[in-house]
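Containing mmCIF, C-alpha atoms: start.cif.
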```
data_data
loop_
_atom_site.group_PDB
_atom_site.id
_atom_site.type_symbol
_atom_site.label_atom_id
_atom_site.label_comp_id
_atom_site.auth_asym_id
_atom_site.auth_seq_id
_atom_site.Cartn_x
_atom_site.Cartn_y
_atom_site.Cartn_z
ATOM 1 C CA MET W 1 31.172 172.870 218.419
ATOM 2 C CA ASP W 2 30.412 174.507 215.122
ATOM 3 C CA ALA W 3 32.688 176.979 213.344
ATOM 4 C CA ILE W 4 30.670 180.031 214.389
ATOM 5 C CA ALA W 5 30.729 179.044 218.055
ATOM 6 C CA ALA W 6 34.468 178.397 217.855
ATOM 7 C CA ALA W 7 35.038 181.802 216.261
ATOM 8 C CA GLU W 8 32.904 183.502 218.927
ATOM 9 C CA GLU W 9 34.855 181.721 221.652
ATOM 10 C CA ARG W 10 38.181 182.895 220.167
ATOM 11 C CA ILE W 11 36.880 186.462 220.043
ATOM 12 C CA VAL W 12 35.764 186.291 223.666
ATOM 13 C CA LEU W 13 39.084 184.791 224.754
ATOM 14 C CA GLU W 14 40.956 187.564 222.946
ATOM 15 C CA ARG W 15 38.815 190.206 224.666
ATOM 16 C CA LEU W 16 39.497 188.578 228.019
ATOM 17 C CA ARG W 17 43.226 188.543 227.290
ATOM 18 C CA GLN W 18 43.043 192.259 226.438
ATOM 19 C CA LYS W 19 41.284 192.947 229.733
ATOM 20 C CA LEU W 20 43.984 191.107 231.672
ATOM 21 C CA ASN W 21 46.653 193.059 229.793
ATOM 22 C CA GLU W 22 44.811 196.222 230.797
ATOM 23 C CA VAL W 23 45.146 195.259 234.482
ATOM 24 C CA ASN W 24 48.821 194.390 234.045
ATOM 25 C CA LYS W 25 49.581 197.730 232.385
ATOM 26 C CA ALA W 26 47.682 199.623 235.075
ATOM 27 C CA ALA W 27 49.563 197.771 237.805
ATOM 28 C CA GLU W 28 52.934 198.408 236.161
ATOM 29 C CA THR W 29 52.145 202.094 235.726
ATOM 30 C CA GLN W 30 50.847 202.645 239.232
ATOM 31 C CA LEU W 31 53.559 200.583 240.923
ATOM 32 C CA ALA W 32 56.409 202.191 238.956
ATOM 33 C CA GLY W 33 57.236 204.661 241.733
ATOM 34 C CA ILE W 34 57.395 201.899 244.310
ATOM 35 C CA GLN W 35 59.554 199.717 242.081
ATOM 36 C CA ASP W 36 61.817 202.705 241.463
ATOM 37 C CA HIS W 37 62.127 203.285 245.216
ATOM 38 C CA VAL W 38 63.008 199.641 245.888
ATOM 39 C CA ASN W 39 65.266 199.162 242.868
ATOM 40 C CA PHE W 40 67.164 202.433 243.129
ATOM 41 C CA THR W 41 66.761 204.248 246.444
ATOM 42 C CA LEU W 42 66.919 201.176 248.676
ATOM 43 C CA GLN W 43 69.429 199.333 246.496
ATOM 44 C CA GLN W 44 71.661 202.391 246.421
ATOM 45 C CA ALA W 45 71.513 202.657 250.216
ATOM 46 C CA TYR W 46 72.283 198.947 250.458
ATOM 47 C CA PHE W 47 75.396 199.230 248.298
ATOM 48 C CA ARG W 48 76.623 202.285 250.190
ATOM 49 C CA CYS W 49 76.110 200.506 253.477
ATOM 50 C CA ALA W 50 77.729 197.293 252.210
ATOM 51 C CA TYR W 51 80.708 199.259 250.877
ATOM 52 C CA GLU W 52 81.298 200.618 254.360
ATOM 53 C CA CYS W 53 81.351 197.059 255.716
ATOM 54 C CA PHE W 54 84.594 196.288 253.890
ATOM 55 C CA ASP W 55 87.070 197.472 256.436
ATOM 56 C CA ARG W 56 90.436 195.755 256.839
ATOM 57 C CA ARG W 57 90.000 195.845 260.605
ATOM 58 C CA ARG W 58 87.036 193.450 260.290
ATOM 59 C CA ASN W 59 87.236 189.734 259.699
ATOM 60 C CA GLN W 60 85.194 187.926 257.023
ATOM 61 C CA GLU W 61 82.472 186.928 259.467
ATOM 62 C CA GLU W 62 81.990 190.513 260.656
ATOM 63 C CA ILE W 63 81.934 191.774 257.083
ATOM 64 C CA GLY W 64 79.353 189.146 256.146
ATOM 65 C CA ARG W 65 77.102 190.078 259.092
ATOM 66 C CA CYS W 66 77.454 193.758 258.248
ATOM 67 C CA VAL W 67 76.548 193.232 254.585
ATOM 68 C CA GLU W 68 73.629 191.008 255.587
ATOM 69 C CA HIS W 69 72.410 193.725 257.959
ATOM 70 C CA CYS W 70 72.601 196.246 255.098
ATOM 71 C CA SER W 71 70.404 194.065 252.898
ATOM 72 C CA VAL W 72 67.520 193.845 255.374
ATOM 73 C CA PRO W 73 65.604 196.977 254.193
ATOM 74 C CA VAL W 74 65.774 195.884 250.542
ATOM 75 C CA HIS W 75 64.659 192.336 251.325
ATOM 76 C CA ASN W 76 61.841 193.554 253.569
ATOM 77 C CA ALA W 77 60.602 195.983 250.906
ATOM 78 C CA GLN W 78 60.741 193.348 248.164
ATOM 79 C CA HIS W 79 58.929 190.869 250.396
ATOM 80 C CA LEU W 80 56.227 193.417 251.228
ATOM 81 C CA VAL W 81 55.632 194.311 247.566
ATOM 82 C CA GLN W 82 55.582 190.651 246.509
ATOM 83 C CA ASN W 83 53.096 189.741 249.258
ATOM 84 C CA GLU W 84 50.753 192.611 248.446
ATOM 85 C CA MET W 85 50.861 191.838 244.729
ATOM 86 C CA ALA W 86 50.210 188.153 245.418
ATOM 87 C CA LYS W 87 47.131 189.137 247.460
ATOM 88 C CA PHE W 88 45.994 191.454 244.666
ATOM 89 C CA GLN W 89 46.381 188.690 242.070
ATOM 90 C CA GLU W 90 44.643 186.168 244.297
ATOM 91 C CA ARG W 91 41.639 188.469 244.809
ATOM 92 C CA MET W 92 41.429 189.070 241.086
ATOM 93 C CA GLN W 93 41.693 185.357 240.298
ATOM 94 C CA ARG W 94 38.885 184.596 242.751
ATOM 95 C CA SER W 95 36.756 187.287 241.150
ATOM 96 C CA LEU W 96 37.411 185.856 237.688
ATOM 97 C CA MET W 97 36.637 182.355 238.935
ATOM 98 C CA VAL W 98 33.230 183.631 240.077
ATOM 99 C CA CYS W 99 32.709 184.944 236.541
ATOM 100 C CA GLN W 100 33.680 181.559 235.137
ATOM 101 C CA ASP W 101 31.283 179.789 237.513
ATOM 102 C CA LYS W 102 28.446 182.124 236.537
ATOM 103 C CA PHE W 103 29.262 181.510 232.867
ATOM 104 C CA GLU W 104 29.174 177.731 233.270
ATOM 105 C CA SER W 105 25.879 177.946 235.133
ATOM 106 C CA ALA W 106 24.354 180.342 232.589
ATOM 107 C CA LYS W 107 25.379 178.076 229.703
ATOM 108 C CA LEU W 108 23.238 175.330 231.176
ATOM 109 C CA GLN W 109 20.247 177.610 231.608
ATOM 110 C CA LYS W 110 20.331 179.930 228.586
ATOM 111 C CA ASN W 111 21.682 180.162 225.124
ATOM 112 C CA LYS W 112 25.433 180.449 224.841
ATOM 113 C CA SER W 113 25.578 183.987 223.437
ATOM 114 C CA ASP W 114 23.687 185.364 226.483
ATOM 115 C CA ALA W 115 26.059 183.467 228.763
ATOM 116 C CA THR W 116 29.035 184.862 226.848
ATOM 117 C CA LYS W 117 27.746 188.417 227.168
ATOM 118 C CA GLU W 118 27.270 187.903 230.900
ATOM 119 C CA LEU W 119 30.811 186.508 231.156
ATOM 120 C CA GLU W 120 32.245 189.539 229.388
ATOM 121 C CA SER W 121 30.243 191.874 231.606
ATOM 122 C CA CYS W 122 31.386 190.079 234.736
ATOM 123 C CA VAL W 123 35.030 190.132 233.623
ATOM 124 C CA ASP W 124 34.755 193.833 232.738
ATOM 125 C CA GLN W 125 33.449 194.561 236.230
ATOM 126 C CA SER W 126 36.121 192.405 237.859
ATOM 127 C CA VAL W 127 38.882 194.138 235.904
ATOM 128 C CA HIS W 128 37.396 197.560 236.651
ATOM 129 C CA ASP W 129 37.216 196.742 240.378
ATOM 130 C CA SER W 130 40.799 195.452 240.382
ATOM 131 C CA ILE W 131 42.133 198.539 238.634
ATOM 132 C CA ASN W 132 40.226 200.731 241.099
ATOM 133 C CA THR W 133 41.927 198.994 244.047
ATOM 134 C CA LEU W 134 45.410 199.733 242.712
ATOM 135 C CA PRO W 135 45.634 203.325 244.011
ATOM 136 C CA HIS W 136 44.723 202.069 247.500
ATOM 137 C CA LEU W 137 47.317 199.305 247.241
ATOM 138 C CA VAL W 138 49.946 201.814 246.099
ATOM 139 C CA ALA W 139 49.075 204.163 248.975
ATOM 140 C CA LYS W 140 49.350 201.289 251.450
ATOM 141 C CA LEU W 141 52.731 200.239 250.075
ATOM 142 C CA LYS W 142 54.029 203.821 250.033
ATOM 143 C CA GLY W 143 52.968 204.238 253.646
ATOM 144 C CA SER W 144 54.621 200.985 254.675
ATOM 145 C CA LEU W 145 57.822 201.857 252.818
ATOM 146 C CA GLY W 146 57.910 205.460 253.998
ATOM 147 C CA ILE W 147 57.669 206.889 250.499
ATOM 148 C CA SER W 148 56.353 210.440 250.398
ATOM 149 C CA ASN W 149 54.504 211.597 247.306
#
```
I need this file expressed as structure tokens, please.
Amino acid sequence: MDAIAAAEERIVLERLRQKLNEVNKAAETQLAGIQDHVNFTLQQAYFRCAYECFDRRRNQEEIGRCVEHCSVPVHNAQHLVQNEMAKFQERMQRSLMVCQDKFESAKLQKNKSDATKELESCVDQSVHDSINTLPHLVAKLKGSLGISN
């Protein structure tokens, strides 16, 4: 690979990294309310509930069961958010893999700069589509967690 091709590849990789950062920032921004609900509202309720479990009339086993019962909503919410985000990431990875496959195929058929442009275009579309699904994902999570706007 010559120096120009290596430089072009670094530029493309940097652009791709920026696009992925764009998705991450969008996800963090849009999921902030859900994270706040889980980390504060549900955690606060958990600690209040767990505090009530510590009653001298109860034995250690009863206290443990009570505290475990209190933690269920927090664990369920965390599990739900993690599963939905894993699905989101998996869909995006598959979409980006399609872009990579198209790029590899185009490199064999055309000149490399055309293939690179097509890769960037494909990644742009994939990132755009992923960012556009975030509001729907947030709405789904809010509905499942009983969060009103």
* Would you kindly translate the PyMOL selection byres ((chain W and resi 114-129) around 9) into the concrete residues it picks from this file, as a VMD selection string? => chain W and resid 8 to 9 12 15 to 16 19 to 20 22 to 23 92 95 to 96 98 to 100 102 to 113 130 to 133
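Picture a line from CA of Val74 (chain W) to CA of Ala50 (chain W); it runs 12.2 Å.
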* Asked: Ser71 (chain W): which residues within 12 Å, counting all atoms listed in the file, same-chain residues fewer than 2 positions away excluded, as a list in words?
  ->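 That gives Val38, Leu42, Gln43, Gln44, Ala45, Tyr46, Phe47, Arg48, Cys49, Ala50, Tyr51, Cys53, Gly64, Arg65, Cys66, Val67, Glu68, His69, Pro73, Val74, His75, Asn76, Ala77 and Gln78 of chain W.
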* Work out how far apart CA of Asn21 (chain W) and CA of His79 (chain W) are and give it in Å to one decimal. => 24.1 Å
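Interatomic distance, CA of Asn59 (chain W) to CA of Phe40 (chain W): 29.0 Å.
If you measure from each of W:Asp55, W:Gln89, W:Ile34, W:Leu134 to Ile147 (chain W) using all atoms listed in the file, the closest one turns out to be W:Ile34.
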* Any chance you could resolve the PyMOL selection byres ((chain W and resi 138) around 12) against this file and give the residues as a ChimeraX atom specification? => /W:26-35,80-81,84-85,88,131-137,139-149
